[in-house]
>>> print(open('query.cif').read())   # mmCIF, C-alpha atoms and all ligand atoms
data_input
loop_
_atom_site.label_atom_id
_atom_site.label_comp_id
_atom_site.auth_asym_id
_atom_site.auth_seq_id
_atom_site.Cartn_x
_atom_site.Cartn_y
_atom_site.Cartn_z
CA MET A 103 141.89 278.66 -51.46
CA SER A 104 138.66 276.72 -51.30
CA GLU A 105 136.05 276.65 -54.08
CA GLU A 106 132.99 278.91 -54.32
CA LYS A 107 130.48 278.27 -51.53
CA ASN A 108 127.29 279.99 -50.36
CA PHE A 109 125.10 279.34 -47.32
CA ARG A 110 121.32 279.11 -47.57
CA ILE A 111 119.45 279.51 -44.30
CA GLN A 112 115.75 278.77 -43.84
CA PRO A 113 114.08 281.14 -41.39
CA GLY A 114 113.17 280.32 -37.81
CA GLY A 115 113.95 277.32 -35.63
CA THR A 116 115.92 277.28 -32.43
CA LEU A 117 119.19 275.90 -31.01
CA ARG A 118 119.28 273.03 -28.53
CA GLY A 119 121.69 270.44 -27.20
CA THR A 120 125.35 270.19 -26.28
CA LEU A 121 128.20 271.05 -28.64
CA ARG A 122 131.96 271.30 -28.68
CA VAL A 123 133.18 273.79 -31.26
CA PRO A 124 136.66 273.38 -32.82
CA GLY A 125 139.93 274.31 -31.14
CA ASP A 126 141.12 277.83 -30.48
CA LYS A 127 142.78 279.33 -33.53
CA SER A 128 145.15 281.66 -31.67
CA ILE A 129 146.38 278.89 -29.37
CA SER A 130 146.71 276.41 -32.27
CA HIS A 131 149.01 278.77 -34.21
CA ARG A 132 151.19 279.38 -31.19
CA SER A 133 151.42 275.67 -30.33
CA ILE A 134 153.08 274.97 -33.70
CA MET A 135 155.42 277.96 -33.49
CA LEU A 136 156.69 277.34 -29.97
CA GLY A 137 156.63 273.54 -30.33
CA SER A 138 158.89 273.83 -33.38
CA LEU A 139 161.41 276.03 -31.56
CA ALA A 140 161.39 273.91 -28.41
CA GLU A 141 163.84 271.20 -27.50
CA GLY A 142 162.12 267.83 -27.52
CA VAL A 143 158.63 266.73 -28.42
CA THR A 144 155.43 268.75 -28.01
CA GLU A 145 152.12 266.91 -28.06
CA VAL A 146 149.05 268.95 -28.90
CA SER A 147 145.42 267.85 -28.56
CA GLY A 148 142.35 269.81 -29.64
CA PHE A 149 144.34 271.45 -32.48
CA LEU A 150 142.16 273.42 -34.90
CA GLU A 151 142.26 271.65 -38.27
CA GLY A 152 141.24 274.83 -40.08
CA GLU A 153 143.01 276.39 -43.04
CA ASP A 154 144.61 279.18 -40.99
CA SER A 155 146.32 277.02 -38.38
CA LEU A 156 147.20 274.47 -41.09
CA ALA A 157 148.93 277.30 -42.97
CA THR A 158 151.15 277.81 -39.92
CA LEU A 159 151.74 274.06 -39.63
CA ASN A 160 152.71 273.80 -43.30
CA ALA A 161 155.03 276.79 -43.01
CA PHE A 162 156.99 275.05 -40.25
CA ARG A 163 157.07 271.80 -42.23
CA ALA A 164 158.54 273.84 -45.08
CA MET A 165 161.23 274.99 -42.64
CA GLY A 166 162.20 271.40 -41.91
CA ILE A 167 160.13 270.60 -38.83
CA ALA A 168 158.80 267.04 -38.53
CA ILE A 169 155.14 267.30 -37.51
CA GLU A 170 152.86 264.27 -37.16
CA GLY A 171 149.15 264.75 -37.71
CA PRO A 172 146.79 266.38 -37.33
CA HIS A 173 144.69 263.29 -36.57
CA ASP A 174 141.49 264.11 -34.68
CA GLY A 175 143.12 267.26 -33.33
CA ARG A 176 146.30 265.50 -32.21
CA VAL A 177 149.61 266.88 -33.43
CA VAL A 178 153.10 265.80 -32.44
CA ILE A 179 155.85 268.34 -33.11
CA HIS A 180 159.49 267.32 -33.07
CA GLY A 181 161.08 270.56 -31.91
CA VAL A 182 164.51 271.53 -33.20
CA GLY A 183 165.49 274.21 -30.69
CA MET A 184 165.76 277.96 -31.15
CA GLN A 185 168.36 277.75 -33.93
CA GLY A 186 167.08 274.70 -35.78
CA LEU A 187 164.78 276.14 -38.49
CA GLN A 188 165.95 275.67 -42.07
CA ALA A 189 165.46 277.98 -45.06
CA PRO A 190 162.24 277.06 -46.92
CA ALA A 191 162.57 276.20 -50.61
CA GLY A 192 160.14 278.95 -51.69
CA PRO A 193 157.76 281.61 -50.33
CA LEU A 194 155.63 280.62 -47.32
CA ASP A 195 151.96 280.89 -48.34
CA LEU A 196 149.89 281.85 -45.31
CA GLY A 197 146.57 281.97 -47.13
CA ASN A 198 144.00 284.10 -45.26
CA SER A 199 145.84 284.13 -41.96
CA GLY A 200 146.93 287.48 -40.56
CA THR A 201 148.03 285.85 -37.31
CA SER A 202 150.45 283.53 -39.16
CA MET A 203 151.95 286.38 -41.12
CA ARG A 204 152.33 288.89 -38.30
CA LEU A 205 153.71 286.42 -35.77
CA LEU A 206 156.03 284.80 -38.29
CA SER A 207 157.44 288.14 -39.41
CA GLY A 208 158.94 288.59 -35.92
CA LEU A 209 160.18 285.04 -35.64
CA LEU A 210 161.72 284.97 -39.11
CA ALA A 211 163.39 288.37 -38.79
CA ALA A 212 165.71 286.67 -36.29
CA GLN A 213 166.68 283.63 -38.40
CA ALA A 214 169.86 283.10 -40.37
CA PHE A 215 168.03 282.85 -43.75
CA ASP A 216 165.95 285.10 -46.00
CA CYS A 217 162.32 284.30 -46.56
CA GLU A 218 159.20 285.60 -48.33
CA LEU A 219 155.70 285.56 -46.81
CA ILE A 220 152.68 285.67 -49.12
CA GLY A 221 148.92 285.39 -48.69
CA ASP A 222 145.54 285.43 -50.44
CA ALA A 223 143.77 288.53 -51.79
CA SER A 224 142.36 289.51 -48.37
CA LEU A 225 145.66 289.04 -46.50
CA SER A 226 147.45 290.91 -49.28
CA ARG A 227 145.38 294.02 -48.41
CA ARG A 228 146.07 293.97 -44.67
CA PRO A 229 148.35 296.50 -42.96
CA MET A 230 151.79 295.16 -42.04
CA ARG A 231 153.67 298.33 -41.04
CA ARG A 232 152.32 297.83 -37.53
CA VAL A 233 154.84 294.95 -37.32
CA THR A 234 157.58 296.02 -39.73
CA GLU A 235 158.10 299.43 -38.06
CA PRO A 236 158.80 298.18 -34.53
CA LEU A 237 160.79 295.27 -35.98
CA ALA A 238 162.95 297.82 -37.83
CA GLN A 239 163.58 299.52 -34.47
CA MET A 240 164.98 296.16 -33.32
CA GLY A 241 167.31 296.17 -36.32
CA ALA A 242 165.26 293.78 -38.47
CA HIS A 243 164.86 294.08 -42.23
CA VAL A 244 161.32 293.26 -43.29
CA GLU A 245 160.02 294.86 -46.49
CA THR A 246 156.39 295.39 -47.46
CA THR A 247 154.90 296.73 -50.70
CA ALA A 248 154.78 300.53 -51.05
CA ALA A 249 151.27 300.36 -49.54
CA GLY A 250 152.60 298.62 -46.42
CA THR A 251 150.95 295.31 -47.35
CA PRO A 252 152.21 291.76 -48.08
CA PRO A 253 154.19 290.11 -49.56
CA LEU A 254 156.76 290.48 -46.80
CA ARG A 255 160.42 290.01 -47.66
CA VAL A 256 162.31 289.10 -44.53
CA ARG A 257 166.10 289.37 -44.56
CA GLY A 258 167.84 287.01 -42.19
CA GLY A 259 171.27 287.05 -40.63
CA THR A 260 170.62 290.14 -38.54
CA VAL A 261 171.34 290.49 -34.82
CA LEU A 262 168.27 292.02 -33.20
CA GLN A 263 168.32 294.41 -30.30
CA GLY A 264 165.62 294.42 -27.60
CA ILE A 265 163.30 297.46 -27.53
CA ASP A 266 160.79 299.00 -25.21
CA TYR A 267 157.71 299.47 -27.38
CA GLU A 268 154.35 301.11 -26.68
CA LEU A 269 151.66 299.66 -28.91
CA PRO A 270 149.76 302.47 -30.66
CA VAL A 271 146.66 300.23 -30.96
CA PRO A 272 145.77 297.24 -28.82
CA SER A 273 146.97 294.24 -30.86
CA ALA A 274 147.91 290.79 -29.66
CA GLN A 275 149.42 290.05 -33.06
CA VAL A 276 151.87 292.93 -32.86
CA LYS A 277 152.67 292.19 -29.21
CA SER A 278 153.29 288.52 -30.03
CA CYS A 279 155.39 289.34 -33.11
CA LEU A 280 157.72 291.48 -30.98
CA LEU A 281 157.92 288.95 -28.15
CA LEU A 282 158.87 286.21 -30.64
CA ALA A 283 161.57 288.45 -32.13
CA GLY A 284 162.58 289.30 -28.56
CA LEU A 285 163.37 285.63 -27.84
CA TYR A 286 166.35 286.12 -30.16
CA ALA A 287 167.25 289.74 -29.39
CA ARG A 288 170.10 291.11 -27.30
CA GLY A 289 168.80 292.30 -23.96
CA LYS A 290 165.15 292.71 -23.06
CA THR A 291 162.17 293.30 -25.31
CA CYS A 292 159.22 294.96 -23.57
CA VAL A 293 155.77 295.71 -24.95
CA THR A 294 153.29 298.03 -23.25
CA GLU A 295 149.67 297.85 -24.37
CA PRO A 296 147.05 300.61 -24.17
CA ALA A 297 144.39 298.02 -23.24
CA PRO A 298 144.59 294.30 -22.43
CA THR A 299 144.70 291.97 -25.44
CA ARG A 300 144.79 288.18 -25.61
CA ASP A 301 147.78 286.85 -23.70
CA HIS A 302 148.12 283.34 -25.14
CA THR A 303 151.72 283.94 -26.23
CA GLU A 304 152.77 284.96 -22.73
CA ARG A 305 150.97 282.02 -21.11
CA MET A 306 152.33 279.52 -23.60
CA LEU A 307 155.91 280.80 -23.32
CA GLU A 308 155.66 280.16 -19.59
CA GLY A 309 154.24 276.70 -20.32
CA PHE A 310 157.37 275.98 -22.39
CA GLY A 311 159.52 277.10 -19.46
CA TYR A 312 160.52 280.49 -20.88
CA PRO A 313 160.67 283.29 -18.28
CA VAL A 314 158.22 286.14 -18.96
CA GLU A 315 158.01 289.29 -16.86
CA ARG A 316 154.48 290.60 -16.66
CA SER A 317 152.71 293.50 -15.01
CA ALA A 318 149.25 294.97 -15.68
CA SER A 319 149.95 296.46 -19.09
CA ARG A 320 153.53 295.49 -19.82
CA VAL A 321 155.26 292.27 -20.79
CA CYS A 322 158.99 291.63 -21.24
CA VAL A 323 161.17 288.76 -22.40
CA ALA A 324 164.95 288.55 -22.41
CA GLY A 325 166.61 287.03 -25.48
CA GLY A 326 168.74 283.94 -25.43
CA GLY A 327 166.55 281.53 -23.46
CA ARG A 328 165.32 278.07 -24.40
CA LEU A 329 161.94 276.39 -24.77
CA ARG A 330 161.26 272.88 -23.49
CA GLY A 331 158.75 270.64 -25.30
CA THR A 332 155.46 270.22 -23.46
CA ARG A 333 151.83 269.06 -23.76
CA ILE A 334 149.14 271.46 -24.93
CA ASP A 335 145.40 270.87 -24.67
CA VAL A 336 143.76 273.46 -26.93
CA PRO A 337 140.34 274.52 -25.61
CA ALA A 338 137.36 275.15 -27.90
CA ASP A 339 137.56 278.60 -29.50
CA ILE A 340 135.34 281.19 -27.78
CA SER A 341 135.38 283.10 -31.08
CA SER A 342 133.70 280.10 -32.76
CA ALA A 343 131.43 279.52 -29.75
CA ALA A 344 130.37 283.18 -30.12
CA PHE A 345 128.12 282.40 -33.11
CA PHE A 346 126.25 279.88 -30.99
CA LEU A 347 126.16 282.20 -27.96
CA VAL A 348 124.49 284.81 -30.13
CA GLY A 349 122.30 282.29 -31.98
CA ALA A 350 120.99 280.76 -28.76
CA SER A 351 120.51 284.19 -27.17
CA ILE A 352 118.31 285.46 -30.03
CA ALA A 353 116.35 282.25 -30.71
CA PRO A 354 113.13 281.85 -28.72
CA GLY A 355 113.17 278.64 -26.69
CA ALA A 356 116.87 278.01 -27.24
CA GLU A 357 118.85 276.09 -24.67
CA LEU A 358 122.42 275.20 -25.58
CA THR A 359 125.57 274.04 -23.80
CA LEU A 360 129.00 274.73 -25.31
CA GLU A 361 131.62 272.47 -23.78
CA HIS A 362 135.27 273.04 -22.89
CA VAL A 363 135.37 276.64 -24.15
CA GLY A 364 138.46 278.77 -23.52
CA VAL A 365 137.43 281.58 -21.15
CA ASN A 366 140.73 283.40 -20.84
CA PRO A 367 139.68 286.82 -19.42
CA THR A 368 141.31 288.56 -22.40
CA ARG A 369 138.75 286.82 -24.66
CA THR A 370 135.43 286.94 -22.77
CA GLY A 371 134.14 290.34 -23.93
CA VAL A 372 131.41 288.59 -25.91
CA ILE A 373 129.91 287.11 -22.73
CA GLU A 374 130.04 290.46 -20.94
CA ILE A 375 128.49 292.36 -23.86
CA LEU A 376 125.71 289.81 -24.42
CA ARG A 377 124.90 289.77 -20.70
CA ARG A 378 124.61 293.56 -20.72
CA MET A 379 122.12 293.13 -23.58
CA GLY A 380 120.04 290.82 -21.37
CA ALA A 381 121.39 287.42 -22.42
CA GLU A 382 121.40 284.51 -20.01
CA ILE A 383 124.82 282.86 -20.13
CA GLU A 384 126.09 280.72 -17.30
CA VAL A 385 129.80 279.96 -17.03
CA ALA A 386 129.97 276.53 -15.37
CA ASN A 387 132.60 274.02 -14.32
CA GLU A 388 135.46 276.51 -14.63
CA ARG A 389 138.90 274.87 -14.55
CA VAL A 390 142.44 275.56 -15.76
CA VAL A 391 143.80 273.32 -18.51
CA GLY A 392 147.45 273.76 -19.48
CA GLY A 393 147.57 277.33 -18.21
CA GLU A 394 144.34 278.44 -19.91
CA PRO A 395 140.96 278.80 -18.16
CA VAL A 396 138.23 276.61 -19.65
CA ALA A 397 134.49 276.31 -18.87
CA ASP A 398 131.17 274.99 -20.13
CA LEU A 399 128.79 277.73 -21.24
CA HIS A 400 125.02 277.34 -20.82
CA VAL A 401 122.94 279.79 -22.82
CA ARG A 402 119.17 280.32 -23.11
CA GLY A 403 117.07 282.37 -25.51
CA ARG A 404 116.06 285.76 -24.04
CA GLU A 405 114.68 289.13 -25.15
CA LEU A 406 117.74 291.31 -25.75
CA HIS A 407 117.93 295.09 -25.54
CA GLY A 408 120.27 297.55 -27.22
CA ILE A 409 123.26 298.99 -25.34
CA ARG A 410 126.23 301.29 -25.71
CA VAL A 411 129.08 298.81 -25.97
CA PRO A 412 131.71 299.76 -23.36
CA GLU A 413 134.93 300.65 -25.20
CA ASP A 414 137.05 298.70 -22.74
CA GLN A 415 135.29 295.54 -23.89
CA VAL A 416 136.17 296.07 -27.57
CA PRO A 417 139.65 294.45 -27.59
CA LEU A 418 138.28 291.62 -25.44
CA ALA A 419 135.62 290.82 -28.08
CA ILE A 420 137.46 292.01 -31.18
CA ASP A 421 136.61 289.00 -33.37
CA GLU A 422 133.03 288.69 -32.11
CA PHE A 423 131.51 291.87 -33.56
CA PRO A 424 130.05 290.28 -36.69
CA ALA A 425 128.01 288.01 -34.40
CA LEU A 426 127.29 290.84 -31.94
CA PHE A 427 125.95 293.02 -34.79
CA VAL A 428 123.36 290.30 -35.44
CA ALA A 429 122.48 290.27 -31.72
CA ALA A 430 122.05 294.06 -31.90
CA ALA A 431 119.73 293.69 -34.92
CA CYS A 432 117.53 291.37 -32.81
CA ALA A 433 117.61 293.55 -29.68
CA ALA A 434 114.95 296.08 -28.70
CA GLY A 435 116.18 299.65 -29.29
CA GLU A 436 119.52 301.02 -30.32
CA THR A 437 123.02 299.57 -29.99
CA VAL A 438 125.97 301.92 -30.34
CA LEU A 439 129.52 300.68 -30.95
CA THR A 440 132.49 303.07 -30.76
CA GLY A 441 136.25 302.64 -30.43
CA ALA A 442 136.31 299.73 -32.87
CA ARG A 443 138.18 301.17 -35.86
CA GLU A 444 140.34 298.03 -35.98
CA LEU A 445 137.31 296.16 -37.36
CA ARG A 446 137.91 297.94 -40.65
CA VAL A 447 141.22 296.10 -41.21
CA LYS A 448 140.24 292.54 -40.37
CA GLU A 449 139.63 289.83 -43.00
CA SER A 450 137.16 292.36 -44.45
CA ASP A 451 136.02 295.84 -43.41
CA ARG A 452 133.73 294.30 -40.81
CA ILE A 453 131.96 297.57 -39.96
CA GLN A 454 130.92 298.27 -43.55
CA VAL A 455 130.27 294.68 -44.56
CA MET A 456 128.03 294.01 -41.53
CA VAL A 457 126.15 297.28 -41.94
CA ASP A 458 125.58 296.52 -45.65
CA GLY A 459 124.38 292.99 -44.86
CA LEU A 460 122.02 294.08 -42.07
CA THR A 461 120.66 296.84 -44.31
CA ALA A 462 119.99 294.25 -47.03
CA LEU A 463 117.96 292.34 -44.43
CA GLY A 464 115.82 295.39 -43.63
CA ILE A 465 117.60 296.59 -40.49
CA GLU A 466 118.35 300.25 -39.91
CA ALA A 467 122.11 300.32 -39.44
CA ARG A 468 124.69 303.04 -39.96
CA ALA A 469 128.48 302.77 -40.10
CA THR A 470 130.53 305.37 -38.26
CA GLU A 471 134.27 305.89 -38.55
CA ASP A 472 135.02 303.65 -35.56
CA GLY A 473 131.85 301.64 -35.06
CA ALA A 474 128.17 301.50 -35.92
CA VAL A 475 124.67 302.43 -34.76
CA ILE A 476 122.12 299.62 -35.12
CA GLN A 477 118.36 299.80 -34.50
CA GLY A 478 116.88 296.47 -33.54
CA GLY A 479 114.02 295.34 -35.79
CA GLN A 480 112.53 292.53 -37.83
CA MET A 481 115.00 291.00 -40.27
CA VAL A 482 113.56 290.00 -43.63
CA GLY A 483 115.13 287.51 -46.01
CA GLY A 484 117.62 288.39 -48.71
CA ARG A 485 121.11 287.97 -50.10
CA ILE A 486 124.17 289.21 -48.31
CA ASP A 487 127.82 289.21 -49.40
CA SER A 488 130.31 287.77 -46.87
CA HIS A 489 133.26 289.20 -48.83
CA GLY A 490 135.17 285.99 -48.18
CA ASP A 491 135.20 286.73 -44.44
CA HIS A 492 134.54 283.60 -42.36
CA ARG A 493 133.04 285.44 -39.41
CA ILE A 494 130.64 287.50 -41.55
CA ALA A 495 129.32 284.29 -43.13
CA MET A 496 128.74 282.56 -39.78
CA ALA A 497 127.15 285.67 -38.24
CA PHE A 498 124.57 285.89 -41.04
CA ALA A 499 123.90 282.16 -40.80
CA MET A 500 122.71 282.79 -37.22
CA ALA A 501 120.57 285.72 -38.41
CA GLY A 502 118.34 283.10 -40.06
CA LEU A 503 117.00 282.17 -36.62
CA ARG A 504 115.14 285.48 -36.50
CA ALA A 505 114.60 286.39 -40.17
CA SER A 506 111.13 286.24 -41.71
CA ALA A 507 112.34 284.59 -44.96
CA GLU A 508 115.28 282.73 -46.45
CA ILE A 509 118.78 284.27 -46.30
CA THR A 510 121.54 283.49 -48.79
CA ALA A 511 125.04 284.36 -47.65
CA GLU A 512 127.50 284.49 -50.54
CA ASP A 513 131.25 283.81 -50.59
CA CYS A 514 131.41 281.59 -47.51
CA ALA A 515 134.24 279.18 -48.40
CA ASN A 516 136.63 280.82 -45.94
CA VAL A 517 134.55 279.53 -43.03
CA ASP A 518 137.00 276.62 -43.37
CA THR A 519 139.81 278.90 -42.15
CA SER A 520 138.52 278.84 -38.57
CA PHE A 521 135.49 276.53 -38.35
CA PRO A 522 135.52 273.46 -40.60
CA ASP A 523 132.17 271.65 -40.38
CA PHE A 524 130.35 274.75 -39.15
CA CYS A 525 127.23 273.87 -41.15
CA ALA A 526 127.06 270.30 -39.87
CA LEU A 527 127.43 271.39 -36.25
CA ALA A 528 124.94 274.23 -36.66
CA ARG A 529 122.42 271.85 -38.26
CA GLN A 530 122.92 269.41 -35.39
CA ALA A 531 121.95 272.23 -33.01
CA GLY A 532 118.85 273.09 -35.07
CA LEU A 533 119.85 275.79 -37.57
CA ALA A 534 118.41 275.13 -41.03
CA VAL A 535 121.60 275.99 -42.94
CA SER A 536 122.90 274.26 -46.05
CA GLU A 537 125.89 274.77 -48.30
CA VAL A 538 125.06 275.53 -51.91
CA PRO A 539 127.39 276.18 -54.86
C1 LIG B 601 144.85 287.38 -32.84
C2 LIG B 601 144.76 288.71 -32.49
C3 LIG B 601 143.70 289.60 -32.98
C4 LIG B 601 142.53 288.82 -33.58
C5 LIG B 601 142.99 287.71 -34.48
C6 LIG B 601 143.87 286.74 -33.74
C7 LIG B 601 145.97 286.57 -32.31
O1 LIG B 601 144.22 290.44 -33.98
O2 LIG B 601 141.68 289.68 -34.29
O3 LIG B 601 141.89 287.01 -35.02
O4 LIG B 601 145.90 285.33 -32.39
O5 LIG B 601 146.92 287.17 -31.78
P1 LIG B 601 144.87 291.89 -33.64
O6 LIG B 601 146.08 291.65 -32.85
O7 LIG B 601 145.17 292.47 -34.99
O8 LIG B 601 143.80 292.64 -32.92
#
>>> encode(input="query.cif", output="structure tokens")
Amino acid sequence: MSEEKNFRIQPGGTLRGTLRVPGDKSISHRSIMLGSLAEGVTEVSGFLEGEDSLATLNAFRAMGIAIEGPHDGRVVIHGVGMQGLQAPAGPLDLGNSGTSMRLLSGLLAAQAFDCELIGDASLSRRPMRRVTEPLAQMGAHVETTAAGTPPLRVRGGTVLQGIDYELPVPSAQVKSCLLLAGLYARGKTCVTEPAPTRDHTERMLEGFGYPVERSASRVCVAGGGRLRGTRIDVPADISSAAFFLVGASIAPGAELTLEHVGVNPTRTGVIEILRRMGAEIEVANERVVGGEPVADLHVRGRELHGIRVPEDQVPLAIDEFPALFVAAACAAGETVLTGARELRVKESDRIQVMVDGLTALGIEARATEDGAVIQGGQMVGGRIDSHGDHRIAMAFAMAGLRASAEITAEDCANVDTSFPDFCALARQAGLAVSEVP
């Protein structure tokens, strides 16, 4: 864990210029996992050198994988094939990273060795039965605490059986966990989702030459196949770009270009929601890079208005709500979010923590069981608590663009999990943010 860090943001200013935000976190995790299990070498560029994806990288090193880098986002993974992982010497510490833990639980349930997965205080509070229950249906043995939280004790040496599983909540982590276990299971493993969620696992499996059966809401893999090493170009993370999309949308006179951003349609809810609020975002130069759509995003400052967020957009923008709450606070009228209960079990309870922070800045905001109601208004200065949640910290940094006085955001060190150098990049674009102890 990183040391204590707070952000101090001077009010006003605007965002201008051209930026490339760091690599996509979801794709970076998956590149290490599949690259390690592939036969031959996998070369990754644009890898996110953040604590979360480095936790995955270090976990695979601990299981005997030779990984060169990262150097300037370049990683070379010497894959060992589906059966080549070795027992780690001790527990695998996954820090703050829910994606590492949930995806690894599926992968490790199918290995020959036992293993323990641990995490930091936030990860140790997050629900894991959503993966251990369906894994148990496959015959896996993965134990949680009595509360259903980490540490996870994974017993190896089990033959898994494919299942046909309907996800009770839309979750790409659960889907991916089961697909990874399914690579080793007898027969077919199928996952049906109630609403589309990010499909990076499916796309990347295909990129490694693994057959994946897909229809609108269902994906299946058959166990026993092989992965072939490949090249992966990780696009910039739309979830990191989201802070700048919101910042530039709310800042008068802003004009910003975000380059080479991943615009996979299962991730672009933030663009759709901001546009409905009146934002001007142009998706330019769209192209496909290594199986993932990528584009440059041009955004200009505009007057926003409140909306009812369509529930079908929620899973497509699931990580962007801290930033979108700040957009709602700057919009004329009321914004109503429903169908977003999952936000309560992210790195923090993002509904409550955002409502508390906006309230501290003078905004009328109310938490509901599965969302929030926010009245746009004038933000004043003040202190807010990020609760160690990277996305809360970055969202409130952007709030400074429209606050009437200085904002201090506390407990921001975990910004390094997904967006190292956030402050430097934000300053380069014009945000008056500094890191203070
Ligand atoms: C992720 C899936 C999402 C998202 C998380 C990354 C992934 O979680 O919030 O940041 O990489 O699969 P859920 O599957 O829990 O919604």
>>> residues_near_ligand(input="query.cif", ligand="ligand LIG 601 (chain B)", cutoff="6 Å", atoms="all atoms listed in the file", output="mmCIF file with C-alpha atoms, in the frame of the given file")
data_model
loop_
_atom_site.group_PDB
_atom_site.id
_atom_site.type_symbol
_atom_site.label_atom_id
_atom_site.label_comp_id
_atom_site.auth_asym_id
_atom_site.auth_seq_id
_atom_site.Cartn_x
_atom_site.Cartn_y
_atom_site.Cartn_z
ATOM 1 C CA SER A 128 145.150 281.660 -31.670
ATOM 2 C CA THR A 201 148.030 285.850 -37.310
ATOM 3 C CA SER A 273 146.970 294.240 -30.860
ATOM 4 C CA ALA A 274 147.910 290.790 -29.660
ATOM 5 C CA GLN A 275 149.420 290.050 -33.060
ATOM 6 C CA VAL A 276 151.870 292.930 -32.860
ATOM 7 C CA ILE A 420 137.460 292.010 -31.180
ATOM 8 C CA ASP A 421 136.610 289.000 -33.370
#
>>> atom_distance(input="query.cif", atom1="CA of Cys525 in chain A", atom2="CA of Met496 in chain A")
8.9 Å
>>> residues_around(input="query.cif", residues="Glu436 in chain A", least_positions_apart="6", cutoff="7 Å", atoms="all atoms listed in the file", output="PyMOL selection string")
chain A and resi 408-409+475-478
>>> closest_residue(input="query.cif", among="A:Arg204, A:His173, A:His362, A:Arg529", to="Pro229 in chain A", atoms="all atoms listed in the file")
A:Arg204
>>> closest_residue(input="query.cif", among="A:Val455, A:Ala157, A:Val177, A:Ile167", to="Gly197 in chain A", atoms="only C-alpha atoms")
A:Ala157
>>> residues_around(input="query.cif", residues="Gly264 in chain A", least_positions_apart="6", cutoff="12 Å", atoms="only C-alpha atoms", output="list of chain:residue names")
A:Ala212, A:Pro236, A:Leu237, A:Ala238, A:Gln239, A:Met240, A:Gly241, A:Ala242, A:Leu280, A:Leu281, A:Leu282, A:Ala283, A:Gly284, A:Leu285, A:Tyr286, A:Ala287, A:Arg288, A:Gly289, A:Lys290, A:Thr291, A:Cys292, A:Val293, A:Cys322, A:Val323, A:Ala324, A:Gly325, A:Gly326
>>> write_last_selection(input="query.cif", atoms="C-alpha atoms", output="compact mmCIF listing (two decimals), keeping the file's coordinate frame")
# COMPACT_ATOMS: atom_id res chain seq x y z
CA ALA A 212 165.71 286.67 -36.29
CA PRO A 236 158.80 298.18 -34.53
CA LEU A 237 160.79 295.27 -35.98
CA ALA A 238 162.95 297.82 -37.83
CA GLN A 239 163.58 299.52 -34.47
CA MET A 240 164.98 296.16 -33.32
CA GLY A 241 167.31 296.17 -36.32
CA ALA A 242 165.26 293.78 -38.47
CA LEU A 280 157.72 291.48 -30.98
CA LEU A 281 157.92 288.95 -28.15
CA LEU A 282 158.87 286.21 -30.64
CA ALA A 283 161.57 288.45 -32.13
CA GLY A 284 162.58 289.30 -28.56
CA LEU A 285 163.37 285.63 -27.84
CA TYR A 286 166.35 286.12 -30.16
CA ALA A 287 167.25 289.74 -29.39
CA ARG A 288 170.10 291.11 -27.30
CA GLY A 289 168.80 292.30 -23.96
CA LYS A 290 165.15 292.71 -23.06
CA THR A 291 162.17 293.30 -25.31
CA CYS A 292 159.22 294.96 -23.57
CA VAL A 293 155.77 295.71 -24.95
CA CYS A 322 158.99 291.63 -21.24
CA VAL A 323 161.17 288.76 -22.40
CA ALA A 324 164.95 288.55 -22.41
CA GLY A 325 166.61 287.03 -25.48
CA GLY A 326 168.74 283.94 -25.43
>>> closest_residue(input="query.cif", among="A:Cys279, A:Ala419, A:Ile352, A:Ala469", to="Ala505 in chain A", atoms="only C-alpha atoms")
A:Ile352
>>> closest_residue(input="query.cif", among="A:Gln480, A:Thr368, A:Ser199, A:Thr260", to="Ala161 in chain A", atoms="only C-alpha atoms")
A:Ser199
>>> closest_residue(input="query.cif", among="A:Ala343, A:Cys217, A:Leu445, A:Ala501", to="Ser520 in chain A", atoms="all atoms listed in the file")
A:Ala343
>>> atom_distance(input="query.cif", atom1="CA of Gln530 in chain A", atom2="CA of Leu121 in chain A")
8.7 Å
>>> residues_around(input="query.cif", residues="Ala214 in chain A", least_positions_apart="2", cutoff="12 Å", atoms="all atoms listed in the file", output="compact mmCIF listing (two decimals) with C-alpha atoms, in the frame of the given file")
# COMPACT_ATOMS: atom_id res chain seq x y z
CA MET A 184 165.76 277.96 -31.15
CA GLN A 185 168.36 277.75 -33.93
CA GLY A 186 167.08 274.70 -35.78
CA LEU A 187 164.78 276.14 -38.49
CA GLN A 188 165.95 275.67 -42.07
CA ALA A 189 165.46 277.98 -45.06
CA PRO A 190 162.24 277.06 -46.92
CA LEU A 209 160.18 285.04 -35.64
CA LEU A 210 161.72 284.97 -39.11
CA ALA A 211 163.39 288.37 -38.79
CA ALA A 212 165.71 286.67 -36.29
CA ASP A 216 165.95 285.10 -46.00
CA CYS A 217 162.32 284.30 -46.56
CA ALA A 242 165.26 293.78 -38.47
CA VAL A 256 162.31 289.10 -44.53
CA ARG A 257 166.10 289.37 -44.56
CA GLY A 258 167.84 287.01 -42.19
CA GLY A 259 171.27 287.05 -40.63
CA THR A 260 170.62 290.14 -38.54
CA VAL A 261 171.34 290.49 -34.82
CA LEU A 262 168.27 292.02 -33.20
CA TYR A 286 166.35 286.12 -30.16
>>> closest_residue(input="query.cif", among="A:Val321, A:Ala397, A:His492, A:Ile134", to="Pro522 in chain A", atoms="only C-alpha atoms")
A:His492
>>> atom_distance(input="query.cif", atom1="CA of Gly148 in chain A", atom2="CA of Asp174 in chain A")
7.7 Å
>>> residues_near_point(input="query.cif", point="(148.4, 294.6, -50.5)", cutoff="8 Å", atoms="all atoms listed in the file", output="NGL selection string")
:A and (223 or 225-229 or 247 or 249-253)
